[in-house]
Amino acid sequence: MTEGPQAVTVEAVVAAGKGVPVALTRIVVPAPGPGEARVRVQACGVCHTDLHYREGAINDDYPFLLGHEAAGTVEAVGEGVTSVAPGDYVVLAWRAPCGICRSCLRGAPWYCFDSRNAANPMTLEDGTPLSPALGIGAFTPLTLVAAGQCVKVDPDVPPQAAGLIGCGVMAGFGAAVNTGRVGLGETVAVFGCGGVGDAAIAGAAVAGARRIIAVDVSDRKLEWARRFGATDVVNASAQDPVEAVRALTGGNGADVVIEAVGRPETYRQAFFSRDLAGRLVLVGVPDPSMTVELPLIEVFSRGGSLASSWYGDCLPTRDFPIITDLHRQGRLNLADFVTETIGIGDVEEAFTRMERGEVLRSVVLI
């Protein structure tokens, strides 16, 4: 009889309480159960969402096992898993459509109401269950996920670049391509030029937009935006961004405006930067307490659409390989998103640099 995989103890980045600096902590990762996979993580990006977890802005289910923007190899699979096998190179997705809920059955699996996660909990050594960030928890050498969260991609794409597809790149790229449906020759404005905003710019460029206007208050971020395809930049701290976008679009406003900040004031600016019958996409994640007020007559008379983009309205098994192929073709350079690579013990310092706007993405190599 062949003995299966056993539970293992590893070091991981854990947020123990609200606002408490993260710390390396010993955790227990169980063997994969039915429908699960254990993944050996090779790289994981430091995303704003991880900081939101640490700060209690998502929920208060501490302790959190942080990290979710990851790539690695499947180490072991549980009973019934056929989609991946040990040795497969994968990007982890925080959405794994079930295929049978009412949203999946009506052809919109990106809105799946029963997205799958691992059923077996990872725990502290004393048995305290951990809450893995976005159902992943990847600031650790090994993590346990639902097998459906493992998306096979081309192993030629290095993990520090591939892992970013799992959250920020997919969210921004999909906001432009899937939700905003940017078309050939259209004009696009993107408010907020962090990782998600720059991915939206890159998506708009791939889709064939003729003018892509990057809007931010940081000259450093605006220079980064040019690398991803921005044709024009607007520093909103120095000029009215609405008037600037209109001036760059023949006085009309952009066909598609993507708000990648998640704040009421930038959303209003994005709304009024839109052409008649234009599309406005919110992909920036707002604080739950935030509200926005708009003249209802403007919502009515401008027409078009106001949409939110959740994870870029993606189907991971379809979209992740498309993005890695674009990278291999030189049409979307994932490496440009990586500002620095760091060790697993450096996440807290990376949060500080991220808050200061000094990095586009710090990536933990494990």
# chains A, B, ... in the order shown; residues from 1 in each chain; ligands from 1
call {"tool": "select_by_dssp", "arguments": {"residues": "region 135-255 of chain A", "states": "helix (DSSP H, G or I)", "output": "PyMOL selection string"}}
result
chain A and resi 135+147-149+159-166+168-179+195-207+219-227+241-247
call {"tool": "closest_atom_pairs", "arguments": {"of": "region 230-317 of chain A", "to": "region 141-148 of chain A", "cutoff": "12 Å", "atoms": "only C-alpha atoms", "output": "CSV"}}
result
residue,atom,partner,partner_atom,distance
A:Leu315,CA,A:Gly148,CA,11.4
A:Pro316,CA,A:Gly148,CA,9.5
A:Thr317,CA,A:Gly148,CA,9.0
call {"tool": "residues_around", "arguments": {"residues": "Ser305 (chain A)", "least_positions_apart": "3", "cutoff": "9 Å", "atoms": "only C-alpha atoms", "output": "list of chain:residue names"}}
result
A:Ala277, A:Gly278, A:Arg279, A:Leu280, A:Val281, A:Val299, A:Arg302
call {"tool": "residues_around", "arguments": {"residues": "region 70-84 of chain A", "least_positions_apart": "6", "cutoff": "6 Å", "atoms": "only C-alpha atoms", "output": "list in words"}}
result
Pro32, Gly33, Pro34, Gly35, Glu36, Ala37, Arg38, Val39, Arg40, Val41, Gln42, Ala43, Cys44, Val90, Val91, Leu92, Pro159 and Gly163 of chain A
call {"tool": "closest_residue", "arguments": {"among": "A:Leu332, A:Val157, A:Val151, A:Leu105", "to": "Gly229 (chain A)", "atoms": "only C-alpha atoms"}}
result
A:Leu332
call {"tool": "closest_atom_pairs", "arguments": {"of": "region 287-342 of chain A", "to": "region 166-175 of chain A", "cutoff": "9 Å", "atoms": "only C-alpha atoms", "output": "tab-separated table"}}
result
residue	atom	partner	partner_atom	distance
A:Ser308	CA	A:Ala175	CA	8.3
A:Ser309	CA	A:Ala175	CA	5.6
A:Trp310	CA	A:Ala171	CA	7.0
A:Tyr311	CA	A:Ala171	CA	4.4
A:Gly312	CA	A:Gly174	CA	3.7
A:Asp313	CA	A:Gly174	CA	6.1
A:Cys314	CA	A:Gly174	CA	6.3
A:Pro316	CA	A:Gly166	CA	8.3
A:Asp319	CA	A:Met170	CA	8.0
A:Phe320	CA	A:Met170	CA	7.6
A:Ile323	CA	A:Met170	CA	8.2
A:Leu334	CA	A:Val169	CA	8.3
A:Phe337	CA	A:Val169	CA	8.6
call {"tool": "write_last_selection", "arguments": {"atoms": "all heavy atoms", "output": "compact mmCIF listing (two decimals), in the first residue's frame"}}
result
# COMPACT_ATOMS: atom_id res chain seq x y z
N SER A 308 -19.46 47.60 -12.74
CA SER A 308 -18.33 47.23 -11.89
C SER A 308 -17.67 46.00 -12.49
O SER A 308 -18.33 45.20 -13.18
CB SER A 308 -18.79 46.94 -10.46
OG SER A 308 -19.68 45.84 -10.44
N SER A 309 -16.39 45.87 -12.26
CA SER A 309 -15.64 44.73 -12.79
C SER A 309 -15.02 43.99 -11.62
O SER A 309 -14.14 44.50 -10.94
CB SER A 309 -14.54 45.21 -13.75
OG SER A 309 -13.87 44.12 -14.34
N TRP A 310 -15.50 42.79 -11.39
CA TRP A 310 -15.04 42.00 -10.25
C TRP A 310 -14.10 40.94 -10.77
O TRP A 310 -14.53 40.01 -11.47
CB TRP A 310 -16.25 41.38 -9.55
CG TRP A 310 -16.02 41.05 -8.12
CD1 TRP A 310 -15.36 41.81 -7.20
CD2 TRP A 310 -16.45 39.87 -7.44
NE1 TRP A 310 -15.36 41.18 -5.98
CE2 TRP A 310 -16.03 39.99 -6.10
CE3 TRP A 310 -17.17 38.74 -7.83
CZ2 TRP A 310 -16.27 39.00 -5.15
CZ3 TRP A 310 -17.43 37.77 -6.88
CH2 TRP A 310 -16.98 37.90 -5.57
N TYR A 311 -12.82 41.11 -10.47
CA TYR A 311 -11.79 40.18 -10.97
C TYR A 311 -11.73 40.21 -12.49
O TYR A 311 -11.46 39.21 -13.13
CB TYR A 311 -12.06 38.77 -10.47
CG TYR A 311 -10.85 37.86 -10.36
CD1 TYR A 311 -9.55 38.32 -10.47
CD2 TYR A 311 -11.04 36.49 -10.14
CE1 TYR A 311 -8.48 37.47 -10.36
CE2 TYR A 311 -9.98 35.63 -10.01
CZ TYR A 311 -8.68 36.11 -10.13
OH TYR A 311 -7.61 35.26 -10.01
N GLY A 312 -12.02 41.39 -13.05
CA GLY A 312 -11.95 41.53 -14.50
C GLY A 312 -12.97 40.70 -15.25
O GLY A 312 -12.79 40.40 -16.43
N ASP A 313 -14.08 40.32 -14.56
CA ASP A 313 -15.11 39.48 -15.20
C ASP A 313 -14.45 38.33 -15.96
O ASP A 313 -14.79 38.04 -17.12
CB ASP A 313 -15.98 40.31 -16.14
CG ASP A 313 -16.91 41.24 -15.37
OD1 ASP A 313 -17.03 41.09 -14.14
OD2 ASP A 313 -17.51 42.14 -16.00
N CYS A 314 -13.51 37.67 -15.30
CA CYS A 314 -12.70 36.68 -16.00
C CYS A 314 -13.21 35.26 -15.78
O CYS A 314 -13.91 34.96 -14.81
CB CYS A 314 -11.24 36.76 -15.55
SG CYS A 314 -10.88 35.98 -13.95
N PRO A 316 -10.92 32.21 -15.30
CA PRO A 316 -9.47 31.98 -15.18
C PRO A 316 -8.92 30.95 -16.16
O PRO A 316 -7.84 31.16 -16.75
CB PRO A 316 -9.31 31.53 -13.73
CG PRO A 316 -10.42 32.23 -13.01
CD PRO A 316 -11.57 32.19 -13.98
N ASP A 319 -8.78 32.88 -19.47
CA ASP A 319 -8.07 34.15 -19.58
C ASP A 319 -6.61 34.09 -19.13
O ASP A 319 -5.77 34.80 -19.69
CB ASP A 319 -8.80 35.23 -18.78
CG ASP A 319 -10.16 35.57 -19.39
OD1 ASP A 319 -10.35 35.26 -20.58
OD2 ASP A 319 -11.01 36.13 -18.69
N PHE A 320 -6.28 33.28 -18.12
CA PHE A 320 -4.89 33.23 -17.67
C PHE A 320 -3.96 32.76 -18.79
O PHE A 320 -2.92 33.39 -19.04
CB PHE A 320 -4.73 32.30 -16.46
CG PHE A 320 -5.29 32.85 -15.16
CD1 PHE A 320 -6.09 33.98 -15.12
CD2 PHE A 320 -5.00 32.21 -13.96
CE1 PHE A 320 -6.60 34.46 -13.92
CE2 PHE A 320 -5.50 32.69 -12.75
CZ PHE A 320 -6.30 33.81 -12.73
N ILE A 323 -3.31 35.56 -21.32
CA ILE A 323 -2.37 36.60 -20.88
C ILE A 323 -0.94 36.09 -20.94
O ILE A 323 -0.03 36.82 -21.34
CB ILE A 323 -2.76 37.10 -19.48
CG1 ILE A 323 -4.10 37.85 -19.54
CG2 ILE A 323 -1.67 38.02 -18.92
CD1 ILE A 323 -4.61 38.31 -18.20
N LEU A 334 4.74 41.18 -18.67
CA LEU A 334 4.41 41.00 -17.26
C LEU A 334 5.57 41.40 -16.35
O LEU A 334 5.34 41.85 -15.22
CB LEU A 334 4.01 39.55 -16.99
CG LEU A 334 2.73 39.07 -17.66
CD1 LEU A 334 2.59 37.56 -17.52
CD2 LEU A 334 1.51 39.78 -17.09
N PHE A 337 5.68 44.79 -14.48
CA PHE A 337 4.91 45.04 -13.26
C PHE A 337 5.74 44.80 -12.00
O PHE A 337 5.36 45.24 -10.92
CB PHE A 337 3.68 44.12 -13.21
CG PHE A 337 2.59 44.49 -14.17
CD1 PHE A 337 2.52 43.88 -15.42
CD2 PHE A 337 1.63 45.44 -13.85
CE1 PHE A 337 1.52 44.21 -16.32
CE2 PHE A 337 0.63 45.78 -14.73
CZ PHE A 337 0.57 45.17 -15.98
call {"tool": "atom_distance", "arguments": {"atom1": "CA of Ile100 (chain A)", "atom2": "CA of Gly135 (chain A)"}}
result
19.8 Å
call {"tool": "closest_residue", "arguments": {"among": "A:Arg26, A:Arg263, A:Arg54, A:Arg361", "to": "Thr123 (chain A)", "atoms": "only C-alpha atoms"}}
result
A:Arg26
call {"tool": "closest_residue", "arguments": {"among": "A:Asp154, A:Glu340, A:Asp275, A:Glu298", "to": "Arg328 (chain A)", "atoms": "only C-alpha atoms"}}
result
A:Asp154
call {"tool": "atom_distance", "arguments": {"atom1": "CA of Leu306 (chain A)", "atom2": "CA of Leu282 (chain A)"}}
result
7.9 Å
call {"tool": "residues_around", "arguments": {"residues": "Val245 (chain A)", "least_positions_apart": "6", "cutoff": "8 Å", "atoms": "only C-alpha atoms", "output": "JSON list (two decimals) with N, CA, C and O atoms, in the first residue's frame"}}
result
[["chain", "number", "residue", "atom", "x", "y", "z"],
["A", 189, "ALA", "N", -9.73, 56.31, -20.90],
["A", 189, "ALA", "CA", -9.07, 57.01, -19.80],
["A", 189, "ALA", "C", -9.05, 56.08, -18.61],
["A", 189, "ALA", "O", -10.05, 55.41, -18.31],
["A", 213, "ILE", "N", -5.45, 57.48, -22.02],
["A", 213, "ILE", "CA", -5.08, 58.60, -21.15],
["A", 213, "ILE", "C", -4.95, 58.08, -19.72],
["A", 213, "ILE", "O", -5.91, 57.57, -19.14],
["A", 234, "VAL", "N", -2.10, 62.61, -17.40],
["A", 234, "VAL", "CA", -2.70, 63.77, -16.75],
["A", 234, "VAL", "C", -2.42, 63.67, -15.26],
["A", 234, "VAL", "O", -2.80, 62.69, -14.60],
["A", 253, "GLY", "N", -14.94, 63.60, -24.30],
["A", 253, "GLY", "CA", -14.78, 62.59, -23.26],
["A", 253, "GLY", "C", -14.42, 61.26, -23.88],
["A", 253, "GLY", "O", -14.54, 61.06, -25.10],
["A", 254, "ALA", "N", -13.96, 60.32, -23.06],
["A", 254, "ALA", "CA", -13.47, 59.04, -23.57],
["A", 254, "ALA", "C", -14.61, 58.06, -23.81],
["A", 254, "ALA", "O", -15.65, 58.10, -23.14],
["A", 273, "SER", "N", -15.90, 62.28, -17.18],
["A", 273, "SER", "CA", -14.89, 62.21, -18.24],
["A", 273, "SER", "C", -15.34, 61.32, -19.39],
["A", 273, "SER", "O", -14.62, 61.16, -20.38]]
call {"tool": "residues_around", "arguments": {"residues": "Val28 (chain A)", "least_positions_apart": "2", "cutoff": "9 Å", "atoms": "only C-alpha atoms", "output": "VMD selection string"}}
result
chain A and resid 7 to 11 26 30 121 to 125 127
call {"tool": "residues_around", "arguments": {"residues": "Gln269 (chain A)", "least_positions_apart": "2", "cutoff": "10 Å", "atoms": "only C-alpha atoms", "output": "list in words"}}
result
Phe191, Ala236, Asp240, Pro241, Val242, Glu243, Val245, Val257, Glu259, Pro264, Glu265, Thr266, Tyr267, Phe271, Phe272, Ser273 and Arg274 of chain A
call {"tool": "write_last_selection", "arguments": {"atoms": "all heavy atoms", "output": "compact mmCIF listing (two decimals), in the first residue's frame"}}
result
# COMPACT_ATOMS: atom_id res chain seq x y z
N PHE A 191 -8.22 56.04 -14.53
CA PHE A 191 -7.97 56.80 -13.31
C PHE A 191 -7.32 55.87 -12.28
O PHE A 191 -7.94 54.91 -11.83
CB PHE A 191 -9.28 57.37 -12.76
CG PHE A 191 -9.78 58.59 -13.49
CD1 PHE A 191 -10.26 58.49 -14.79
CD2 PHE A 191 -9.76 59.83 -12.89
CE1 PHE A 191 -10.72 59.60 -15.47
CE2 PHE A 191 -10.22 60.97 -13.56
CZ PHE A 191 -10.70 60.85 -14.86
N ALA A 236 -3.57 64.77 -11.99
CA ALA A 236 -4.81 65.35 -11.46
C ALA A 236 -4.58 66.29 -10.30
O ALA A 236 -5.51 67.00 -9.89
CB ALA A 236 -5.77 64.24 -11.04
N ASP A 240 -7.40 69.97 -13.81
CA ASP A 240 -8.70 69.31 -13.70
C ASP A 240 -8.70 68.11 -14.64
O ASP A 240 -8.62 68.26 -15.86
CB ASP A 240 -9.79 70.30 -14.10
CG ASP A 240 -11.19 69.73 -13.96
OD1 ASP A 240 -11.36 68.50 -14.10
OD2 ASP A 240 -12.14 70.51 -13.74
N PRO A 241 -8.80 66.89 -14.09
CA PRO A 241 -8.70 65.72 -14.97
C PRO A 241 -9.87 65.59 -15.93
O PRO A 241 -9.70 65.07 -17.04
CB PRO A 241 -8.66 64.55 -13.98
CG PRO A 241 -9.31 65.07 -12.73
CD PRO A 241 -8.94 66.51 -12.67
N VAL A 242 -11.05 66.06 -15.54
CA VAL A 242 -12.20 65.97 -16.44
C VAL A 242 -11.96 66.83 -17.67
O VAL A 242 -12.14 66.38 -18.81
CB VAL A 242 -13.49 66.39 -15.71
CG1 VAL A 242 -14.67 66.39 -16.68
CG2 VAL A 242 -13.77 65.47 -14.53
N GLU A 243 -11.55 68.08 -17.44
CA GLU A 243 -11.28 68.96 -18.57
C GLU A 243 -10.12 68.45 -19.41
O GLU A 243 -10.13 68.57 -20.64
CB GLU A 243 -11.01 70.38 -18.06
CG GLU A 243 -12.22 71.04 -17.42
CD GLU A 243 -13.42 71.08 -18.35
OE1 GLU A 243 -13.24 71.36 -19.56
OE2 GLU A 243 -14.54 70.80 -17.88
N VAL A 245 -9.15 65.28 -19.88
CA VAL A 245 -9.58 64.14 -20.68
C VAL A 245 -10.42 64.62 -21.86
O VAL A 245 -10.27 64.16 -22.99
CB VAL A 245 -10.34 63.11 -19.82
CG1 VAL A 245 -10.99 62.04 -20.70
CG2 VAL A 245 -9.40 62.45 -18.81
N VAL A 257 -14.05 54.70 -19.74
CA VAL A 257 -13.30 55.24 -18.60
C VAL A 257 -13.26 54.17 -17.52
O VAL A 257 -14.29 53.59 -17.15
CB VAL A 257 -13.94 56.53 -18.04
CG1 VAL A 257 -13.09 57.08 -16.89
CG2 VAL A 257 -14.08 57.57 -19.15
N GLU A 259 -12.11 53.32 -13.66
CA GLU A 259 -11.74 53.87 -12.36
C GLU A 259 -11.08 52.77 -11.55
O GLU A 259 -11.72 51.78 -11.17
CB GLU A 259 -12.98 54.41 -11.64
CG GLU A 259 -12.67 55.47 -10.59
CD GLU A 259 -12.28 54.90 -9.23
OE1 GLU A 259 -12.09 53.67 -9.11
OE2 GLU A 259 -12.18 55.67 -8.29
N PRO A 264 -14.94 57.88 -4.00
CA PRO A 264 -16.06 58.64 -4.56
C PRO A 264 -15.62 59.80 -5.45
O PRO A 264 -16.22 60.04 -6.51
CB PRO A 264 -16.81 59.14 -3.32
CG PRO A 264 -16.46 58.18 -2.24
CD PRO A 264 -15.06 57.74 -2.53
N GLU A 265 -14.57 60.52 -5.03
CA GLU A 265 -14.17 61.69 -5.81
C GLU A 265 -13.60 61.31 -7.18
O GLU A 265 -13.86 61.98 -8.18
CB GLU A 265 -13.17 62.55 -5.03
CG GLU A 265 -11.90 61.84 -4.58
CD GLU A 265 -12.00 61.20 -3.21
OE1 GLU A 265 -13.11 60.77 -2.83
OE2 GLU A 265 -10.95 61.11 -2.53
N THR A 266 -12.83 60.22 -7.23
CA THR A 266 -12.30 59.80 -8.53
C THR A 266 -13.38 59.16 -9.38
O THR A 266 -13.36 59.27 -10.61
CB THR A 266 -11.10 58.86 -8.35
OG1 THR A 266 -11.42 57.86 -7.37
CG2 THR A 266 -9.87 59.61 -7.92
N TYR A 267 -14.34 58.51 -8.75
CA TYR A 267 -15.45 57.94 -9.52
C TYR A 267 -16.27 59.05 -10.19
O TYR A 267 -16.66 58.93 -11.35
CB TYR A 267 -16.35 57.08 -8.62
CG TYR A 267 -17.40 56.33 -9.40
CD1 TYR A 267 -17.11 55.12 -10.02
CD2 TYR A 267 -18.70 56.85 -9.53
CE1 TYR A 267 -18.07 54.44 -10.75
CE2 TYR A 267 -19.66 56.17 -10.26
CZ TYR A 267 -19.35 54.96 -10.87
OH TYR A 267 -20.30 54.29 -11.60
N PHE A 271 -16.82 59.56 -14.10
CA PHE A 271 -18.17 59.64 -14.66
C PHE A 271 -18.29 60.80 -15.63
O PHE A 271 -18.84 60.66 -16.73
CB PHE A 271 -19.19 59.77 -13.53
CG PHE A 271 -20.61 59.96 -13.97
CD1 PHE A 271 -21.40 58.86 -14.27
CD2 PHE A 271 -21.15 61.23 -14.10
CE1 PHE A 271 -22.71 59.03 -14.70
CE2 PHE A 271 -22.46 61.41 -14.53
CZ PHE A 271 -23.24 60.30 -14.83
N PHE A 272 -17.79 61.95 -15.25
CA PHE A 272 -17.92 63.14 -16.10
C PHE A 272 -16.85 63.21 -17.20
O PHE A 272 -16.90 64.09 -18.05
CB PHE A 272 -17.89 64.41 -15.23
CG PHE A 272 -19.15 64.61 -14.45
CD1 PHE A 272 -19.16 64.41 -13.07
CD2 PHE A 272 -20.33 64.96 -15.08
CE1 PHE A 272 -20.33 64.58 -12.34
CE2 PHE A 272 -21.51 65.13 -14.36
CZ PHE A 272 -21.51 64.94 -12.99
N SER A 273 -15.90 62.28 -17.18
CA SER A 273 -14.89 62.21 -18.24
C SER A 273 -15.34 61.32 -19.39
O SER A 273 -14.62 61.16 -20.38
CB SER A 273 -13.57 61.66 -17.68
OG SER A 273 -13.03 62.51 -16.70
N ARG A 274 -16.52 60.78 -19.29
CA ARG A 274 -17.06 59.83 -20.25
C ARG A 274 -17.81 60.55 -21.37
O ARG A 274 -18.55 61.51 -21.13
CB ARG A 274 -18.02 58.92 -19.48
CG ARG A 274 -18.44 57.65 -20.09
CD ARG A 274 -19.26 56.85 -19.06
NE ARG A 274 -20.30 57.64 -18.44
CZ ARG A 274 -21.60 57.40 -18.56
NH1 ARG A 274 -22.03 56.39 -19.28
NH2 ARG A 274 -22.49 58.16 -17.95
call {"tool": "closest_residue", "arguments": {"among": "A:Pro5, A:Thr25, A:Glu69, A:Val153", "to": "Thr324 (chain A)", "atoms": "only C-alpha atoms"}}
result
A:Val153
call {"tool": "closest_residue", "arguments": {"among": "A:Val196, A:Leu365, A:Ala204, A:Val22", "to": "Glu349 (chain A)", "atoms": "only C-alpha atoms"}}
result
A:Val22
call {"tool": "atom_distance", "arguments": {"atom1": "CA of Ser103 (chain A)", "atom2": "CA of Ser115 (chain A)"}}
result
10.8 Å
